[in-house]
>>> print(open('entry.cif').read())   # mmCIF, C-alpha atoms and all ligand atoms
data_start
loop_
_atom_site.label_atom_id
_atom_site.label_comp_id
_atom_site.auth_asym_id
_atom_site.auth_seq_id
_atom_site.Cartn_x
_atom_site.Cartn_y
_atom_site.Cartn_z
CA MET R 490 48.69 -9.48 27.32
CA PRO R 491 46.77 -12.49 25.90
CA PRO R 492 48.18 -14.12 22.76
CA LEU R 493 46.86 -12.78 19.47
CA PRO R 494 44.10 -14.92 17.95
CA ALA R 495 44.94 -16.73 14.74
CA PRO R 496 44.30 -14.34 11.84
CA VAL R 497 40.86 -14.80 10.34
CA ALA R 498 41.01 -15.84 6.69
CA CYS R 499 39.48 -12.75 5.21
CA SER R 500 40.20 -11.61 1.71
CA THR R 501 37.01 -11.56 -0.36
CA PRO R 502 36.35 -7.96 -1.41
CA GLY R 503 33.11 -6.64 0.01
CA VAL R 504 32.52 -9.56 2.38
CA SER R 505 32.76 -8.61 6.07
CA CYS R 506 34.63 -10.61 8.61
CA PHE R 507 34.61 -9.97 12.33
CA GLY R 508 36.80 -10.23 15.37
CA ARG R 509 35.59 -11.75 18.62
CA ASN R 510 32.00 -10.82 19.56
CA ASN R 511 31.74 -8.72 16.38
CA TYR R 512 33.51 -5.84 18.12
CA ILE R 513 35.72 -5.24 15.08
CA GLU R 514 34.61 -5.51 11.44
CA TYR R 515 36.94 -5.77 8.45
CA ILE R 516 35.61 -5.50 4.91
CA PRO R 517 38.47 -6.40 2.58
CA GLY R 518 38.80 -4.46 -0.65
CA ASP R 519 40.68 -4.53 -3.93
CA LEU R 520 41.54 -0.83 -4.20
CA PRO R 521 44.80 0.55 -2.78
CA ILE R 522 42.86 2.50 -0.14
CA VAL R 523 42.56 1.57 3.55
CA ILE R 524 39.99 3.40 5.69
CA SER R 525 39.73 2.89 9.44
CA VAL R 526 36.90 4.17 11.64
CA PRO R 527 37.77 3.96 15.34
CA HIS R 528 35.24 6.20 17.11
CA GLY R 529 31.78 5.59 15.64
CA GLY R 530 30.80 2.41 17.52
CA ALA R 531 27.68 1.84 19.63
CA LEU R 532 28.23 -1.49 21.43
CA THR R 533 28.41 -1.21 25.23
CA PRO R 534 28.93 -4.73 26.60
CA ALA R 535 28.70 -4.87 30.41
CA SER R 536 31.72 -7.20 30.42
CA ILE R 537 33.99 -4.25 29.53
CA PRO R 538 33.99 -1.53 32.20
CA ASP R 539 33.78 2.09 31.06
CA ARG R 540 37.15 3.71 30.52
CA THR R 541 37.93 6.32 33.15
CA LEU R 542 40.92 8.04 31.54
CA GLY R 543 41.03 9.85 28.22
CA THR R 544 38.30 10.93 25.82
CA THR R 545 35.04 8.98 25.41
CA THR R 546 33.12 11.08 22.88
CA THR R 547 31.58 9.25 19.92
CA ASP R 548 32.36 10.55 16.41
CA LEU R 549 28.72 10.54 15.32
CA ASN R 550 27.78 8.85 12.03
CA THR R 551 31.38 8.17 11.03
CA ILE R 552 30.74 4.45 10.42
CA ASP R 553 27.98 5.39 7.98
CA LEU R 554 30.30 7.99 6.46
CA GLY R 555 33.02 5.35 5.98
CA ARG R 556 30.49 3.09 4.28
CA ALA R 557 29.32 5.99 2.06
CA ILE R 558 32.92 6.70 0.98
CA SER R 559 33.39 3.00 0.28
CA ALA R 560 30.19 2.97 -1.79
CA ALA R 561 31.28 6.05 -3.76
CA LEU R 562 34.66 4.49 -4.54
CA THR R 563 33.00 1.25 -5.56
CA SER R 564 30.55 2.97 -7.88
CA ARG R 565 33.42 4.95 -9.40
CA SER R 566 35.79 2.08 -10.07
CA ALA R 567 33.86 -1.16 -9.53
CA ARG R 568 36.44 -1.95 -6.86
CA ALA R 569 36.20 -1.44 -3.12
CA PRO R 570 38.54 0.08 -0.52
CA HIS R 571 39.50 -1.83 2.62
CA LEU R 572 37.34 -0.70 5.55
CA VAL R 573 38.11 -1.49 9.22
CA ILE R 574 35.51 -0.50 11.82
CA VAL R 575 35.37 -0.48 15.62
CA HIS R 576 31.83 -1.29 16.77
CA LEU R 577 32.58 -0.85 20.48
CA ARG R 578 31.60 2.52 21.84
CA ARG R 579 34.50 4.77 22.70
CA THR R 580 33.58 4.49 26.39
CA LYS R 581 34.79 0.86 26.08
CA LEU R 582 37.73 1.16 23.65
CA ASP R 583 39.65 4.00 22.03
CA ALA R 584 41.49 2.22 19.23
CA ASN R 585 43.29 5.45 18.25
CA ARG R 586 45.41 5.42 21.41
CA GLU R 587 48.33 3.30 22.61
CA ILE R 588 47.06 0.21 24.37
CA ILE R 589 47.21 1.43 27.98
CA GLU R 590 44.89 4.39 27.43
CA ALA R 591 42.97 2.54 24.70
CA ALA R 592 41.84 -0.51 26.64
CA ALA R 593 42.36 0.38 30.32
CA GLY R 594 43.73 -3.09 31.04
CA ASN R 595 40.56 -5.01 30.12
CA ALA R 596 41.34 -8.30 28.35
CA ASP R 597 38.37 -8.12 25.94
CA ALA R 598 39.19 -4.52 24.98
CA ILE R 599 42.86 -5.43 24.55
CA GLN R 600 41.88 -8.25 22.20
CA ALA R 601 39.63 -5.93 20.17
CA TRP R 602 42.47 -3.35 19.94
CA ASN R 603 44.85 -6.05 18.71
CA GLU R 604 42.33 -7.32 16.16
CA TYR R 605 41.65 -3.81 14.86
CA HIS R 606 45.29 -2.99 14.22
CA ALA R 607 45.97 -6.49 12.86
CA PHE R 608 43.11 -6.06 10.35
CA ILE R 609 44.54 -2.68 9.28
CA GLU R 610 47.94 -4.30 8.85
CA GLN R 611 46.39 -7.17 6.89
CA ALA R 612 44.74 -4.59 4.61
CA MET R 613 48.05 -2.71 4.22
CA ALA R 614 49.81 -5.95 3.25
CA ALA R 615 47.12 -6.72 0.65
CA VAL R 616 47.48 -3.19 -0.79
CA GLN R 617 51.27 -3.46 -0.96
CA LEU R 618 51.10 -6.87 -2.61
CA ARG R 619 48.61 -5.75 -5.24
CA SER R 620 49.62 -2.14 -5.94
CA GLY R 621 52.92 -1.48 -4.18
CA THR R 622 51.49 1.46 -2.30
CA GLY R 623 48.22 3.20 -1.50
CA VAL R 624 46.57 5.71 0.80
CA TYR R 625 45.61 5.15 4.44
CA ILE R 626 42.79 7.26 5.90
CA ASP R 627 41.91 7.30 9.60
CA LEU R 628 38.38 8.72 9.57
CA HIS R 629 36.96 10.82 12.40
CA GLY R 630 34.41 13.52 13.22
CA HIS R 631 35.21 16.71 15.11
CA SER R 632 32.92 19.14 16.90
CA HIS R 633 35.06 22.24 16.45
CA ALA R 634 33.38 25.53 15.57
CA LYS R 635 34.84 25.90 12.07
CA GLN R 636 32.89 23.72 9.62
CA ARG R 637 35.70 22.26 7.53
CA LEU R 638 37.71 19.05 7.24
CA GLU R 639 40.85 18.91 9.35
CA LEU R 640 43.50 17.02 7.39
CA GLY R 641 46.03 15.65 9.88
CA TYR R 642 49.51 14.91 8.56
CA LEU R 643 51.19 14.61 11.99
CA LEU R 644 52.20 18.28 11.79
CA SER R 645 51.11 20.69 14.50
CA ALA R 646 49.21 23.92 13.92
CA SER R 647 52.32 25.87 14.86
CA THR R 648 54.34 23.98 12.23
CA LEU R 649 51.64 24.78 9.65
CA ASP R 650 51.89 28.42 10.69
CA GLY R 651 55.35 28.41 9.13
CA THR R 652 56.18 29.80 5.70
CA ASN R 653 56.35 27.45 2.73
CA ALA R 654 60.14 27.71 2.88
CA GLN R 655 60.04 26.53 6.49
CA LEU R 656 57.76 23.61 5.58
CA ASP R 657 60.15 22.63 2.80
CA ALA R 658 62.90 21.84 5.33
CA PRO R 659 63.52 18.06 5.03
CA ALA R 660 62.86 17.44 8.74
CA VAL R 661 59.23 18.55 8.33
CA ALA R 662 58.50 16.08 5.53
CA SER R 663 60.14 13.23 7.39
CA ALA R 664 57.98 13.87 10.47
CA SER R 665 54.83 13.87 8.36
CA SER R 666 52.43 11.05 7.43
CA LEU R 667 53.20 11.89 3.77
CA ARG R 668 56.92 11.16 4.15
CA LEU R 669 56.70 8.15 1.81
CA ILE R 670 55.32 10.41 -0.95
CA ALA R 671 57.69 13.28 -0.17
CA ARG R 672 60.68 10.96 -0.54
CA GLU R 673 59.83 10.24 -4.20
CA SER R 674 58.06 13.43 -5.27
CA PRO R 675 59.66 16.18 -7.38
CA LEU R 676 57.29 18.68 -5.74
CA LEU R 677 58.10 20.92 -2.82
CA PHE R 678 56.70 19.51 0.41
CA SER R 679 54.63 22.65 0.98
CA ASP R 680 52.91 21.91 -2.34
CA LEU R 681 52.10 18.34 -1.28
CA LEU R 682 50.63 19.73 1.91
CA ARG R 683 48.69 22.81 0.79
CA GLY R 684 49.38 23.52 -2.87
CA PRO R 685 46.94 23.07 -5.78
CA THR R 686 47.66 19.31 -5.98
CA SER R 687 47.43 18.67 -2.25
CA LEU R 688 44.36 16.78 -1.05
CA GLY R 689 43.03 20.09 0.30
CA GLY R 690 43.69 21.64 -3.12
CA PHE R 691 41.78 18.93 -4.96
CA LEU R 692 38.88 19.29 -2.49
CA GLN R 693 38.51 22.98 -3.40
CA PRO R 694 36.18 24.72 -4.01
CA ASP R 695 33.41 22.29 -3.00
CA VAL R 696 34.81 21.07 0.31
CA ALA R 697 36.55 23.39 2.79
CA SER R 698 39.59 21.87 4.48
CA VAL R 699 42.74 22.80 6.34
CA PRO R 700 45.54 22.79 5.26
CA SER R 701 44.60 23.77 1.70
CA PRO R 702 45.49 26.59 -0.72
CA SER R 703 42.73 28.79 0.66
CA ILE R 704 43.22 27.82 4.34
CA PRO R 705 46.95 27.08 4.62
CA THR R 706 47.02 26.78 8.42
CA PRO R 707 44.52 26.39 11.27
CA GLY R 708 46.36 29.18 13.04
CA GLY R 709 44.81 29.58 16.47
CA ASP R 710 41.68 27.55 15.68
CA ASP R 711 41.08 24.09 17.11
CA TYR R 712 42.75 21.44 14.95
CA PHE R 713 43.56 17.73 15.16
CA SER R 714 46.93 16.92 13.62
CA GLY R 715 46.65 13.10 13.60
CA GLY R 716 46.84 10.45 16.28
CA TYR R 717 48.14 7.01 17.18
CA SER R 718 46.85 5.13 14.12
CA THR R 719 48.07 7.73 11.63
CA SER R 720 51.47 7.61 13.22
CA ARG R 721 51.62 3.80 13.41
CA HIS R 722 50.22 2.90 10.01
CA THR R 723 51.73 5.54 7.71
CA ALA R 724 55.10 3.90 8.11
CA THR R 725 53.76 1.32 5.64
CA ILE R 726 51.76 3.38 3.14
CA PRO R 727 51.28 7.17 3.14
CA GLY R 728 48.11 8.61 4.59
CA LEU R 729 46.45 11.00 6.95
CA GLN R 730 43.82 11.50 9.61
CA ILE R 731 40.65 13.16 8.37
CA GLU R 732 38.46 14.88 10.94
CA CYS R 733 35.09 15.69 9.39
CA ASN R 734 32.77 18.46 10.44
CA PHE R 735 29.13 17.52 11.00
CA SER R 736 26.96 19.86 8.93
CA GLY R 737 26.73 18.92 5.29
CA VAL R 738 29.24 16.07 5.64
CA ARG R 739 27.97 13.45 8.10
CA ASP R 740 24.62 14.77 9.36
CA SER R 741 22.26 12.95 6.95
CA ALA R 742 22.37 10.04 4.52
CA ASN R 743 21.95 12.42 1.56
CA ASN R 744 24.77 14.68 2.70
CA ARG R 745 27.07 11.73 3.42
CA ALA R 746 26.49 10.37 -0.07
CA SER R 747 27.02 13.71 -1.78
CA PHE R 748 30.11 14.52 0.29
CA ALA R 749 31.49 11.02 -0.40
CA GLY R 750 31.13 11.58 -4.15
CA ARG R 751 33.07 14.86 -4.01
CA PHE R 752 35.65 13.42 -1.62
CA VAL R 753 36.51 10.39 -3.75
CA GLN R 754 37.04 12.61 -6.80
CA ALA R 755 39.66 14.55 -4.86
CA LEU R 756 41.18 11.37 -3.43
CA ALA R 757 41.44 9.83 -6.90
CA LEU R 758 43.22 12.93 -8.23
CA PHE R 759 45.59 12.88 -5.27
CA ALA R 760 46.38 9.16 -5.66
CA GLN R 761 46.91 9.49 -9.40
CA THR R 762 49.07 12.62 -9.18
CA HIS R 763 51.37 11.55 -6.36
CA LEU R 764 51.33 7.76 -6.44
CA GLY R 765 50.46 6.97 -10.06
CA LEU R 766 47.45 4.97 -8.84
CA LYS R 767 44.26 4.90 -10.85
CA LEU R 768 41.20 4.52 -8.62
ZN ZN D 801 37.79 10.50 16.58
#
>>> encode(input="entry.cif", output="structure tokens", more="lines below")
Ligand SMILES: [Zn+2]
Amino acid sequence: MPPLPAPVACSTPGVSCFGRNNYIEYIPGDLPIVISVPHGGALTPASIPDRTLGTTTTDLNTIDLGRAISAALTSRSARAPHLVIVHLRRTKLDANREIIEAAAGNADAIQAWNEYHAFIEQAMAAVQLRSGTGVYIDLHGHSHAKQRLELGYLLSASTLDGTNAQLDAPAVASASSLRLIARESPLLFSDLLRGPTSLGGFLQPDVASVPSPSIPTPGGDDYFSGGYSTSRHTATIPGLQIECNFSGVRDSANNRASFAGRFVQALALFAQTHLGLKL
């Protein structure tokens, strides 16, 4: 593995900085929110061969959706979240996988993968320094039949099929991407996950999501529970993977903006209720 490049000095909120060849973009923020977008890129340099193992599907319009959420947060609070974007197409790099599957041994892809996760970690460190804690969101788009957000807390559909009493067993919380909140919260873990003050609860009734009070489990439906980045980065600050449906959420600029407005209201309530953070 090549040595990591020296970290780029990059801390001015709202001003982009880039990794090598502009494959990775980091827009530093001053809110305790870190958003990463691994699967929306369009760059297909010939110098990186196409990956032959794993998934190569683009999460359409998710970069624009990440920027819309950033804009909605900024217009709400006059402060910006941290945003980290992969501009390589997923055929070239899957930054939400461990490095072997992610980069298929290509040195340029390996460097981009390292830069991406280093930028996320730089953002995490800035959030911890300024606010102590925050929320990490790994932003994706799914093409499953059910048009709703899939909130991935590193818990499988079969775990979510359990009763609230089963979810309240301490081992469930400690396996989840919300473990850092669960450790401090007086609430039952099932409430954090799918009660009225869960993120899914605050998104109701405008935005359908699972798990939430009205859809407590995906049951037998397709569902993404969270991947490599959610697992790696929620050891530092709590967070989740959000898989967005297409219609009404990321299909047009108007819908992205209106979804982003509703989403940041729910996120702000969640951050205030469980972390004491005012967005
Ligand atoms: Zn994805």
>>> closest_residue(input="entry.cif", among="R:Ser714, R:Gln600, R:Ser500, R:Gln754", to="ligand ZN 801 (chain D)", atoms="all atoms listed in the file")
R:Ser714
>>> closest_residue(input="entry.cif", among="R:Ser679, R:Lys635, R:Thr544, R:His571", to="Ala614 of chain R", atoms="all atoms listed in the file")
R:His571
>>> closest_residue(input="entry.cif", among="R:Ala757, R:Ile574, R:Val523, R:Ala569", to="Gly623 of chain R", atoms="all atoms listed in the file")
R:Val523
>>> closest_residue(input="entry.cif", among="R:Ser564, R:Thr725, R:Ser741, R:Thr551", to="Leu628 of chain R", atoms="only C-alpha atoms")
R:Thr551
>>> closest_atom_pairs(input="entry.cif", of="chain R", to="ligand ZN 801 (chain D)", cutoff="8 Å", atoms="all atoms listed in the file", output="JSON lines")
{"residue": "R:Pro527", "atom": "CA", "partner": "D:ZN801", "partner_atom": "ZN", "distance": 6.7}
{"residue": "R:His528", "atom": "CA", "partner": "D:ZN801", "partner_atom": "ZN", "distance": 5.0}
{"residue": "R:Gly529", "atom": "CA", "partner": "D:ZN801", "partner_atom": "ZN", "distance": 7.8}
{"residue": "R:Thr546", "atom": "CA", "partner": "D:ZN801", "partner_atom": "ZN", "distance": 7.9}
{"residue": "R:Thr547", "atom": "CA", "partner": "D:ZN801", "partner_atom": "ZN", "distance": 7.2}
{"residue": "R:Asp548", "atom": "CA", "partner": "D:ZN801", "partner_atom": "ZN", "distance": 5.4}
{"residue": "R:Asn585", "atom": "CA", "partner": "D:ZN801", "partner_atom": "ZN", "distance": 7.7}
{"residue": "R:Leu628", "atom": "CA", "partner": "D:ZN801", "partner_atom": "ZN", "distance": 7.3}
{"residue": "R:His629", "atom": "CA", "partner": "D:ZN801", "partner_atom": "ZN", "distance": 4.3}
{"residue": "R:Gly630", "atom": "CA", "partner": "D:ZN801", "partner_atom": "ZN", "distance": 5.6}
{"residue": "R:His631", "atom": "CA", "partner": "D:ZN801", "partner_atom": "ZN", "distance": 6.9}
{"residue": "R:Glu732", "atom": "CA", "partner": "D:ZN801", "partner_atom": "ZN", "distance": 7.2}
>>> write_last_selection(input="entry.cif", atoms="C-alpha atoms", output="PDB file, keeping the file's coordinate frame")
ATOM      1  CA  PRO R 527      37.770   3.960  15.340  1.00  0.00           C
ATOM      2  CA  HIS R 528      35.240   6.200  17.110  1.00  0.00           C
ATOM      3  CA  GLY R 529      31.780   5.590  15.640  1.00  0.00           C
ATOM      4  CA  THR R 546      33.120  11.080  22.880  1.00  0.00           C
ATOM      5  CA  THR R 547      31.580   9.250  19.920  1.00  0.00           C
ATOM      6  CA  ASP R 548      32.360  10.550  16.410  1.00  0.00           C
ATOM      7  CA  ASN R 585      43.290   5.450  18.250  1.00  0.00           C
ATOM      8  CA  LEU R 628      38.380   8.720   9.570  1.00  0.00           C
ATOM      9  CA  HIS R 629      36.960  10.820  12.400  1.00  0.00           C
ATOM     10  CA  GLY R 630      34.410  13.520  13.220  1.00  0.00           C
ATOM     11  CA  HIS R 631      35.210  16.710  15.110  1.00  0.00           C
ATOM     12  CA  GLU R 732      38.460  14.880  10.940  1.00  0.00           C
TER      13      GLU R 732
END
>>> closest_residue(input="entry.cif", among="R:Gly641, R:Val575, R:Ser663, R:Ser703", to="Pro685 of chain R", atoms="only C-alpha atoms")
R:Ser703
>>> decode(input="entry.cif", residues="segment 751-764 of chain R", atoms="all heavy atoms", output="short mmCIF file (atom, residue, chain, number, x, y, z; two decimals), in the first residue's frame")
data_model
loop_
_atom_site.label_atom_id
_atom_site.label_comp_id
_atom_site.auth_asym_id
_atom_site.auth_seq_id
_atom_site.Cartn_x
_atom_site.Cartn_y
_atom_site.Cartn_z
N ARG R 751 -37.42 18.96 4.98
CA ARG R 751 -38.13 18.12 5.97
C ARG R 751 -37.14 17.24 6.74
O ARG R 751 -37.27 17.04 7.94
CB ARG R 751 -39.17 17.25 5.26
CG ARG R 751 -40.38 18.04 4.80
CD ARG R 751 -41.32 17.21 3.97
NE ARG R 751 -40.78 16.97 2.64
CZ ARG R 751 -41.18 16.00 1.81
NH1 ARG R 751 -42.13 15.18 2.19
NH2 ARG R 751 -40.65 15.88 0.63
N PHE R 752 -36.12 16.75 6.02
CA PHE R 752 -35.15 15.87 6.67
C PHE R 752 -34.36 16.61 7.75
O PHE R 752 -34.17 16.09 8.86
CB PHE R 752 -34.19 15.27 5.62
CG PHE R 752 -33.12 14.45 6.24
CD1 PHE R 752 -33.39 13.19 6.75
CD2 PHE R 752 -31.83 14.95 6.37
CE1 PHE R 752 -32.41 12.44 7.37
CE2 PHE R 752 -30.83 14.20 6.99
CZ PHE R 752 -31.13 12.95 7.49
N VAL R 753 -33.92 17.84 7.47
CA VAL R 753 -33.08 18.51 8.46
C VAL R 753 -33.90 18.92 9.70
O VAL R 753 -33.35 18.99 10.80
CB VAL R 753 -32.29 19.73 7.90
CG1 VAL R 753 -31.43 19.31 6.73
CG2 VAL R 753 -33.17 20.87 7.55
N GLN R 754 -35.19 19.14 9.53
CA GLN R 754 -36.02 19.38 10.72
C GLN R 754 -36.00 18.17 11.65
O GLN R 754 -35.86 18.30 12.87
CB GLN R 754 -37.47 19.62 10.29
CG GLN R 754 -37.80 21.06 10.04
CD GLN R 754 -39.29 21.24 9.81
OE1 GLN R 754 -39.88 20.53 9.00
NE2 GLN R 754 -39.88 22.17 10.52
N ALA R 755 -36.15 16.98 11.06
CA ALA R 755 -36.13 15.75 11.86
C ALA R 755 -34.75 15.52 12.47
O ALA R 755 -34.62 15.16 13.64
CB ALA R 755 -36.54 14.56 10.99
N LEU R 756 -33.72 15.76 11.67
CA LEU R 756 -32.35 15.57 12.16
C LEU R 756 -32.06 16.51 13.33
O LEU R 756 -31.43 16.11 14.32
CB LEU R 756 -31.37 15.80 11.01
CG LEU R 756 -29.88 15.66 11.34
CD1 LEU R 756 -29.54 14.24 11.77
CD2 LEU R 756 -29.02 16.08 10.14
N ALA R 757 -32.52 17.75 13.21
CA ALA R 757 -32.28 18.73 14.28
C ALA R 757 -32.98 18.30 15.56
O ALA R 757 -32.42 18.40 16.67
CB ALA R 757 -32.75 20.11 13.84
N LEU R 758 -34.21 17.79 15.45
CA LEU R 758 -34.93 17.31 16.63
C LEU R 758 -34.20 16.11 17.26
O LEU R 758 -34.06 16.02 18.48
CB LEU R 758 -36.36 16.91 16.26
CG LEU R 758 -37.31 18.08 15.98
CD1 LEU R 758 -38.59 17.59 15.31
CD2 LEU R 758 -37.63 18.83 17.28
N PHE R 759 -33.72 15.23 16.41
CA PHE R 759 -33.00 14.05 16.89
C PHE R 759 -31.71 14.47 17.63
O PHE R 759 -31.43 14.00 18.73
CB PHE R 759 -32.67 13.12 15.71
CG PHE R 759 -32.00 11.84 16.10
CD1 PHE R 759 -32.74 10.76 16.57
CD2 PHE R 759 -30.61 11.72 16.00
CE1 PHE R 759 -32.11 9.57 16.94
CE2 PHE R 759 -29.98 10.53 16.37
CZ PHE R 759 -30.73 9.46 16.83
N ALA R 760 -30.96 15.38 17.02
CA ALA R 760 -29.68 15.80 17.61
C ALA R 760 -29.90 16.56 18.91
O ALA R 760 -29.14 16.40 19.88
CB ALA R 760 -28.91 16.68 16.61
N GLN R 761 -30.96 17.35 18.96
CA GLN R 761 -31.25 18.10 20.18
C GLN R 761 -31.72 17.16 21.30
O GLN R 761 -31.28 17.26 22.45
CB GLN R 761 -32.32 19.15 19.90
CG GLN R 761 -32.83 19.84 21.17
CD GLN R 761 -32.78 21.35 21.07
OE1 GLN R 761 -33.13 21.93 20.04
NE2 GLN R 761 -32.34 21.99 22.12
N THR R 762 -32.62 16.25 20.96
CA THR R 762 -33.20 15.36 21.96
C THR R 762 -32.16 14.41 22.57
O THR R 762 -32.14 14.20 23.78
CB THR R 762 -34.34 14.53 21.33
OG1 THR R 762 -35.29 15.42 20.75
CG2 THR R 762 -35.04 13.65 22.37
N HIS R 763 -31.33 13.84 21.72
CA HIS R 763 -30.46 12.75 22.21
C HIS R 763 -29.02 13.16 22.45
O HIS R 763 -28.28 12.44 23.11
CB HIS R 763 -30.53 11.57 21.23
CG HIS R 763 -31.91 11.05 21.05
ND1 HIS R 763 -32.63 10.50 22.10
CD2 HIS R 763 -32.74 11.06 19.98
CE1 HIS R 763 -33.84 10.17 21.66
NE2 HIS R 763 -33.93 10.50 20.39
N LEU R 764 -28.62 14.30 21.89
CA LEU R 764 -27.22 14.71 22.07
C LEU R 764 -27.10 16.11 22.65
O LEU R 764 -25.99 16.58 22.90
CB LEU R 764 -26.48 14.63 20.72
CG LEU R 764 -26.34 13.21 20.12
CD1 LEU R 764 -25.96 13.29 18.66
CD2 LEU R 764 -25.31 12.42 20.91
#
